[in-house]
Amino acid sequence: MHTLTRRLLVVGAHGDDETLGAGGTIARLADEGVTVSLCILTNDDGSRSAAGAEVTNRADAIELAAKTLGIERVRVHEFGDNRLDTVSHLELNQVVEREVREFEPDTIFATSMCDLSTDHALVSRAARVAGRPGKGPVREVRTFEIRSATDVGEASGLPVTFRPNCWQILDESHLERKIEALRAYGKELEPWPNPRSERGVRALAEYRGSQVSAGLAEAFEIVRSVR
């Protein structure tokens with residue numbers, strides 16, 4: 001993929017989406033000379049306040065994780081966590097469209113619409129709108145899975161589930177950088193058997209790798225590819 005991808009825009013709802021969903025692939029592509037930009041739509045973990053937890057701004061953690069993965073350009077917007085459904089579709093679309101105009105990516109990675117998280121699904125739709133044919137340089141759009149959200153959608157009986165049709169093989173160093181980047185998010189890293197644990201992240205990489213007879217991999221669903 002890297003021979004055709006030169007400028008990659010990664011779009012997520014929350015800080016850590018990019019790491020959990022595509023951190024190993026981002027690290028690999030950055031090593032191979034791809035210029036990577038990150039767009040995160042929310043800047044806090046405000047949904048935790050309903051349970052009495054302190055709200056944390058994630059901007060610094062996002063920057064640290066991005067540096068670990070080799071992301072060169074970071075844009076963090078200030079919508080509220082788990083409140084993207086209170087924002088008009090037009091406004092979300094315009095934010096991601098502006099990122100596409102300014103960065104001019106040939107490839108977009110985004111969260112999946114096959115996901116129990118409404119934020120993830122809305123961001124996925126906005127990324128598809130921004131990368132639609134005839135409106136810019138984007139030639140490929142693919143979505144990634146976020147365990148603890150995408151898999152929960154599967155377990156909750158969503159009618160459409162994540163169905164990967166593309167696998168990126170990873171080296172051990174790429175997985176280690178993914179785990180290191182996830183550590184930047186502090187309390188978002190959970191103990192095993194949570195899928196957000198270090199062991200859970202490794203288990204998923206091993207499982208996706210085993211599907212294509214490789215040691216480690218991340219899986220994606222290609223929405224559109226023009227080559």
# chains A, B, ... in the order shown; residues from 1 in each chain; ligands from 1
>>> residues_around(residues="Phe79 of chain A", least_positions_apart="2", cutoff="9 Å", atoms="only C-alpha atoms", output="MDAnalysis selection string")
chainID A and resid 41:44 77 81:84 87
>>> residues_around(residues="Ile108 of chain A", least_positions_apart="2", cutoff="7 Å", atoms="only C-alpha atoms", output="PyMOL selection string")
chain A and resi 8-10+105+110+140-142
>>> write_last_selection(atoms="N, CA, C and O atoms", output="PDB file, in the first residue's frame")
ATOM      1  N   LEU A   8      -1.580  10.432   4.207  1.00  0.00           N
ATOM      2  CA  LEU A   8      -2.644   9.724   4.915  1.00  0.00           C
ATOM      3  C   LEU A   8      -3.279  10.624   5.963  1.00  0.00           C
ATOM      4  O   LEU A   8      -2.590  11.173   6.820  1.00  0.00           O
ATOM      5  N   LEU A   9      -4.602  10.764   5.892  1.00  0.00           N
ATOM      6  CA  LEU A   9      -5.366  11.467   6.916  1.00  0.00           C
ATOM      7  C   LEU A   9      -6.115  10.432   7.752  1.00  0.00           C
ATOM      8  O   LEU A   9      -6.888   9.636   7.218  1.00  0.00           O
ATOM      9  N   VAL A  10      -5.872  10.445   9.073  1.00  0.00           N
ATOM     10  CA  VAL A  10      -6.555   9.551  10.003  1.00  0.00           C
ATOM     11  C   VAL A  10      -7.585  10.378  10.773  1.00  0.00           C
ATOM     12  O   VAL A  10      -7.234  11.396  11.385  1.00  0.00           O
ATOM     13  N   PRO A 105      -4.978  14.734   1.380  1.00  0.00           N
ATOM     14  CA  PRO A 105      -4.568  13.331   1.480  1.00  0.00           C
ATOM     15  C   PRO A 105      -4.993  12.540   0.250  1.00  0.00           C
ATOM     16  O   PRO A 105      -5.973  12.873  -0.419  1.00  0.00           O
ATOM     17  N   ALA A 110     -10.538   5.931   8.899  1.00  0.00           N
ATOM     18  CA  ALA A 110     -11.528   6.473   9.831  1.00  0.00           C
ATOM     19  C   ALA A 110     -12.147   5.344  10.644  1.00  0.00           C
ATOM     20  O   ALA A 110     -11.996   4.152  10.329  1.00  0.00           O
ATOM     21  N   GLU A 140      -8.511   6.552  -1.742  1.00  0.00           N
ATOM     22  CA  GLU A 140      -8.855   5.374  -0.939  1.00  0.00           C
ATOM     23  C   GLU A 140      -9.397   5.806   0.413  1.00  0.00           C
ATOM     24  O   GLU A 140      -8.864   6.711   1.050  1.00  0.00           O
ATOM     25  N   VAL A 141     -10.465   5.145   0.830  1.00  0.00           N
ATOM     26  CA  VAL A 141     -11.051   5.334   2.160  1.00  0.00           C
ATOM     27  C   VAL A 141     -11.180   3.959   2.787  1.00  0.00           C
ATOM     28  O   VAL A 141     -11.731   3.038   2.174  1.00  0.00           O
ATOM     29  N   ARG A 142     -10.661   3.819   3.985  1.00  0.00           N
ATOM     30  CA  ARG A 142     -10.824   2.548   4.694  1.00  0.00           C
ATOM     31  C   ARG A 142     -11.152   2.814   6.154  1.00  0.00           C
ATOM     32  O   ARG A 142     -10.809   3.874   6.698  1.00  0.00           O
TER      33      ARG A 142
END
>>> residues_around(residues="Thr161 of chain A", least_positions_apart="2", cutoff="12 Å", atoms="only C-alpha atoms", output="PyMOL selection string")
chain A and resi 112-116+121+144-145+149-159+163-164+221
>>> closest_residue(among="A:Val95, A:Arg196, A:Arg6, A:Pro137", to="Arg183 of chain A", atoms="only C-alpha atoms")
A:Arg196
>>> select_by_dssp(residues="segment 14-218 of chain A", states="strand (DSSP E or B)", output="PyMOL selection string")
chain A and resi 35-42+44+57+73-79+107-111+140-144+166-169+217-218
>>> write_last_selection(atoms="N, CA, C and O atoms", output="short mmCIF file (atom, residue, chain, number, x, y, z; two decimals), in the first residue's frame")
data_model
loop_
_atom_site.label_atom_id
_atom_site.label_comp_id
_atom_site.auth_asym_id
_atom_site.auth_seq_id
_atom_site.Cartn_x
_atom_site.Cartn_y
_atom_site.Cartn_z
N THR A 35 3.49 10.62 4.77
CA THR A 35 3.18 11.76 5.64
C THR A 35 1.80 11.56 6.23
O THR A 35 0.82 11.39 5.49
N VAL A 36 1.69 11.58 7.56
CA VAL A 36 0.44 11.26 8.24
C VAL A 36 -0.07 12.47 9.00
O VAL A 36 0.68 13.14 9.73
N SER A 37 -1.37 12.76 8.84
CA SER A 37 -2.05 13.81 9.58
C SER A 37 -3.17 13.18 10.39
O SER A 37 -3.83 12.24 9.93
N LEU A 38 -3.38 13.68 11.58
CA LEU A 38 -4.41 13.16 12.47
C LEU A 38 -5.45 14.23 12.77
O LEU A 38 -5.11 15.35 13.14
N CYS A 39 -6.72 13.88 12.61
CA CYS A 39 -7.83 14.77 12.95
C CYS A 39 -8.70 14.07 13.99
O CYS A 39 -9.29 13.01 13.71
N ILE A 40 -8.77 14.64 15.20
CA ILE A 40 -9.62 14.12 16.27
C ILE A 40 -10.72 15.13 16.55
O ILE A 40 -10.44 16.32 16.74
N LEU A 41 -11.95 14.67 16.59
CA LEU A 41 -13.09 15.59 16.69
C LEU A 41 -13.39 16.04 18.11
O LEU A 41 -13.94 17.13 18.30
N THR A 42 -13.08 15.24 19.13
CA THR A 42 -13.36 15.62 20.52
C THR A 42 -12.05 15.75 21.29
O THR A 42 -11.06 15.11 20.95
N ASP A 44 -11.93 15.70 24.95
CA ASP A 44 -12.02 15.33 26.37
C ASP A 44 -12.65 13.96 26.51
O ASP A 44 -12.97 13.29 25.54
N ASN A 57 -8.88 16.69 29.71
CA ASN A 57 -8.61 17.11 28.34
C ASN A 57 -7.51 16.21 27.78
O ASN A 57 -6.46 16.02 28.39
N ARG A 73 1.38 15.77 11.69
CA ARG A 73 0.44 16.90 11.76
C ARG A 73 -0.77 16.46 12.60
O ARG A 73 -1.35 15.41 12.34
N VAL A 74 -1.13 17.25 13.60
CA VAL A 74 -2.23 16.90 14.50
C VAL A 74 -3.20 18.06 14.61
O VAL A 74 -2.79 19.21 14.85
N ARG A 75 -4.48 17.77 14.44
CA ARG A 75 -5.54 18.75 14.63
C ARG A 75 -6.57 18.17 15.59
O ARG A 75 -7.18 17.14 15.30
N VAL A 76 -6.76 18.82 16.74
CA VAL A 76 -7.73 18.36 17.73
C VAL A 76 -8.84 19.39 17.83
O VAL A 76 -8.58 20.57 18.13
N HIS A 77 -10.05 18.98 17.57
CA HIS A 77 -11.20 19.87 17.62
C HIS A 77 -11.87 19.77 19.00
O HIS A 77 -11.49 18.92 19.81
N GLU A 78 -12.83 20.60 19.27
CA GLU A 78 -13.31 20.76 20.64
C GLU A 78 -14.77 20.38 20.81
O GLU A 78 -15.47 20.92 21.67
N PHE A 79 -15.24 19.41 20.06
CA PHE A 79 -16.58 18.88 20.30
C PHE A 79 -16.55 18.01 21.55
O PHE A 79 -15.48 17.52 21.97
N THR A 107 -5.29 9.21 0.91
CA THR A 107 -5.91 8.10 1.63
C THR A 107 -6.48 8.60 2.95
O THR A 107 -5.87 9.44 3.62
N ILE A 108 -7.65 8.08 3.32
CA ILE A 108 -8.27 8.38 4.61
C ILE A 108 -8.50 7.08 5.37
O ILE A 108 -9.02 6.12 4.81
N PHE A 109 -8.09 7.07 6.64
CA PHE A 109 -8.48 6.02 7.58
C PHE A 109 -9.48 6.65 8.54
O PHE A 109 -9.26 7.78 9.01
N ALA A 110 -10.54 5.93 8.90
CA ALA A 110 -11.53 6.47 9.83
C ALA A 110 -12.15 5.34 10.64
O ALA A 110 -12.00 4.15 10.33
N THR A 111 -12.86 5.72 11.68
CA THR A 111 -13.61 4.77 12.49
C THR A 111 -14.70 4.11 11.65
O THR A 111 -15.03 4.56 10.56
N GLU A 140 -8.51 6.55 -1.74
CA GLU A 140 -8.86 5.37 -0.94
C GLU A 140 -9.40 5.81 0.41
O GLU A 140 -8.86 6.71 1.05
N VAL A 141 -10.46 5.14 0.83
CA VAL A 141 -11.05 5.33 2.16
C VAL A 141 -11.18 3.96 2.79
O VAL A 141 -11.73 3.04 2.17
N ARG A 142 -10.66 3.82 3.98
CA ARG A 142 -10.82 2.55 4.69
C ARG A 142 -11.15 2.81 6.15
O ARG A 142 -10.81 3.87 6.70
N THR A 143 -11.84 1.88 6.79
CA THR A 143 -12.21 2.02 8.19
C THR A 143 -11.50 0.96 9.03
O THR A 143 -11.11 -0.09 8.52
N PHE A 144 -11.35 1.27 10.32
CA PHE A 144 -10.67 0.36 11.23
C PHE A 144 -11.57 0.00 12.40
O PHE A 144 -12.55 0.68 12.69
N CYS A 166 -9.01 -6.19 4.14
CA CYS A 166 -7.64 -5.73 3.93
C CYS A 166 -6.87 -5.92 5.24
O CYS A 166 -7.39 -5.57 6.31
N TRP A 167 -5.69 -6.49 5.15
CA TRP A 167 -4.86 -6.72 6.32
C TRP A 167 -3.49 -6.09 6.13
O TRP A 167 -2.87 -6.28 5.07
N GLN A 168 -3.03 -5.34 7.12
CA GLN A 168 -1.68 -4.77 7.08
C GLN A 168 -0.79 -5.59 8.02
O GLN A 168 -1.01 -5.60 9.23
N ILE A 169 0.19 -6.26 7.47
CA ILE A 169 1.12 -7.04 8.28
C ILE A 169 2.04 -6.10 9.03
O ILE A 169 2.51 -5.09 8.49
N ALA A 217 -0.89 -8.43 12.58
CA ALA A 217 -1.53 -7.61 11.54
C ALA A 217 -2.62 -6.76 12.16
O ALA A 217 -3.10 -7.01 13.28
N GLU A 218 -3.03 -5.72 11.42
CA GLU A 218 -4.24 -4.96 11.70
C GLU A 218 -5.17 -5.13 10.51
O GLU A 218 -4.72 -5.25 9.37
#
>>> closest_residue(among="A:Arg58, A:Leu189, A:Glu97, A:Glu104", to="Ser148 of chain A", atoms="only C-alpha atoms")
A:Leu189
>>> select_by_dssp(residues="segment 3-226 of chain A", states="helix (DSSP H, G or I)", output="JSON, numbers by chain")
{"A": [17, 18, 19, 20, 21, 22, 23, 24, 25, 26, 27, 28, 29, 30, 31, 46, 47, 48, 49, 50, 51, 59, 60, 61, 62, 63, 64, 65, 66, 67, 68, 69, 84, 85, 86, 89, 90, 91, 92, 93, 94, 95, 96, 97, 98, 99, 100, 101, 102, 103, 118, 119, 120, 121, 122, 123, 124, 125, 126, 127, 128, 129, 130, 150, 151, 152, 153, 154, 155, 172, 173, 174, 175, 176, 177, 178, 179, 180, 181, 182, 183, 186, 187, 188, 198, 199, 200, 201, 202, 203, 204, 205, 206, 207, 208, 209, 210, 211]}
>>> closest_residue(among="A:Thr25, A:Ser124, A:Thr68, A:Ser225", to="Val138 of chain A", atoms="only C-alpha atoms")
A:Ser225
>>> closest_atom_pairs(of="segment 63-143 of chain A", to="segment 176-182 of chain A", cutoff="8 Å", atoms="only C-alpha atoms", output="JSON lines")
{"residue": "A:Leu64", "atom": "CA", "partner": "A:Ala181", "partner_atom": "CA", "distance": 7.3}
{"residue": "A:Ala65", "atom": "CA", "partner": "A:Ala181", "partner_atom": "CA", "distance": 4.3}
{"residue": "A:Ala66", "atom": "CA", "partner": "A:Ala181", "partner_atom": "CA", "distance": 7.3}
{"residue": "A:Thr68", "atom": "CA", "partner": "A:Ala181", "partner_atom": "CA", "distance": 5.7}
{"residue": "A:Leu69", "atom": "CA", "partner": "A:Arg177", "partner_atom": "CA", "distance": 6.4}
>>> closest_residue(among="A:Arg98, A:Arg147, A:Lys67, A:Arg28", to="His120 of chain A", atoms="only C-alpha atoms")
A:Arg147
>>> closest_residue(among="A:Gly21, A:Gly80, A:Pro191, A:Gly12", to="Ile146 of chain A", atoms="only C-alpha atoms")
A:Gly21
>>> decode(residues="segment 7-20 of chain A", atoms="N, CA, C and O atoms", output="PDB file, in the first residue's frame")
ATOM      1  N   ARG A   7       0.107  10.484   1.329  1.00  0.00           N
ATOM      2  CA  ARG A   7      -0.424  11.408   2.331  1.00  0.00           C
ATOM      3  C   ARG A   7      -1.678  10.784   2.938  1.00  0.00           C
ATOM      4  O   ARG A   7      -2.704  10.614   2.259  1.00  0.00           O
ATOM      5  N   LEU A   8      -1.580  10.432   4.207  1.00  0.00           N
ATOM      6  CA  LEU A   8      -2.644   9.724   4.915  1.00  0.00           C
ATOM      7  C   LEU A   8      -3.279  10.624   5.963  1.00  0.00           C
ATOM      8  O   LEU A   8      -2.590  11.173   6.820  1.00  0.00           O
ATOM      9  N   LEU A   9      -4.602  10.764   5.892  1.00  0.00           N
ATOM     10  CA  LEU A   9      -5.366  11.467   6.916  1.00  0.00           C
ATOM     11  C   LEU A   9      -6.115  10.432   7.752  1.00  0.00           C
ATOM     12  O   LEU A   9      -6.888   9.636   7.218  1.00  0.00           O
ATOM     13  N   VAL A  10      -5.872  10.445   9.073  1.00  0.00           N
ATOM     14  CA  VAL A  10      -6.555   9.551  10.003  1.00  0.00           C
ATOM     15  C   VAL A  10      -7.585  10.378  10.773  1.00  0.00           C
ATOM     16  O   VAL A  10      -7.234  11.396  11.385  1.00  0.00           O
ATOM     17  N   VAL A  11      -8.840   9.950  10.733  1.00  0.00           N
ATOM     18  CA  VAL A  11      -9.925  10.702  11.359  1.00  0.00           C
ATOM     19  C   VAL A  11     -10.552   9.854  12.464  1.00  0.00           C
ATOM     20  O   VAL A  11     -10.989   8.720  12.217  1.00  0.00           O
ATOM     21  N   GLY A  12     -10.595  10.409  13.672  1.00  0.00           N
ATOM     22  CA  GLY A  12     -11.178   9.692  14.803  1.00  0.00           C
ATOM     23  C   GLY A  12     -12.091  10.587  15.606  1.00  0.00           C
ATOM     24  O   GLY A  12     -12.008  11.819  15.548  1.00  0.00           O
ATOM     25  N   ALA A  13     -12.953   9.975  16.371  1.00  0.00           N
ATOM     26  CA  ALA A  13     -13.842  10.730  17.251  1.00  0.00           C
ATOM     27  C   ALA A  13     -13.120  11.142  18.529  1.00  0.00           C
ATOM     28  O   ALA A  13     -13.269  12.262  19.011  1.00  0.00           O
ATOM     29  N   HIS A  14     -12.335  10.217  19.080  1.00  0.00           N
ATOM     30  CA  HIS A  14     -11.697  10.425  20.382  1.00  0.00           C
ATOM     31  C   HIS A  14     -10.196  10.167  20.289  1.00  0.00           C
ATOM     32  O   HIS A  14      -9.755   9.328  19.503  1.00  0.00           O
ATOM     33  N   GLY A  15      -9.445  10.862  21.122  1.00  0.00           N
ATOM     34  CA  GLY A  15      -8.051  10.517  21.282  1.00  0.00           C
ATOM     35  C   GLY A  15      -7.967   9.094  21.794  1.00  0.00           C
ATOM     36  O   GLY A  15      -8.600   8.768  22.796  1.00  0.00           O
ATOM     37  N   ASP A  16      -7.247   8.274  21.158  1.00  0.00           N
ATOM     38  CA  ASP A  16      -6.954   6.838  21.319  1.00  0.00           C
ATOM     39  C   ASP A  16      -7.591   6.012  20.209  1.00  0.00           C
ATOM     40  O   ASP A  16      -7.187   4.883  19.969  1.00  0.00           O
ATOM     41  N   ASP A  17      -8.595   6.573  19.491  1.00  0.00           N
ATOM     42  CA  ASP A  17      -9.180   5.837  18.363  1.00  0.00           C
ATOM     43  C   ASP A  17      -8.112   5.483  17.341  1.00  0.00           C
ATOM     44  O   ASP A  17      -8.054   4.359  16.844  1.00  0.00           O
ATOM     45  N   GLU A  18      -7.278   6.459  17.032  1.00  0.00           N
ATOM     46  CA  GLU A  18      -6.254   6.248  16.008  1.00  0.00           C
ATOM     47  C   GLU A  18      -5.261   5.176  16.418  1.00  0.00           C
ATOM     48  O   GLU A  18      -4.796   4.386  15.587  1.00  0.00           O
ATOM     49  N   THR A  19      -4.953   5.131  17.720  1.00  0.00           N
ATOM     50  CA  THR A  19      -3.976   4.163  18.212  1.00  0.00           C
ATOM     51  C   THR A  19      -4.562   2.761  18.285  1.00  0.00           C
ATOM     52  O   THR A  19      -3.975   1.794  17.791  1.00  0.00           O
ATOM     53  N   LEU A  20      -5.730   2.634  18.881  1.00  0.00           N
ATOM     54  CA  LEU A  20      -6.370   1.331  18.994  1.00  0.00           C
ATOM     55  C   LEU A  20      -6.718   0.758  17.620  1.00  0.00           C
ATOM     56  O   LEU A  20      -6.568  -0.437  17.378  1.00  0.00           O
TER      57      LEU A  20
END
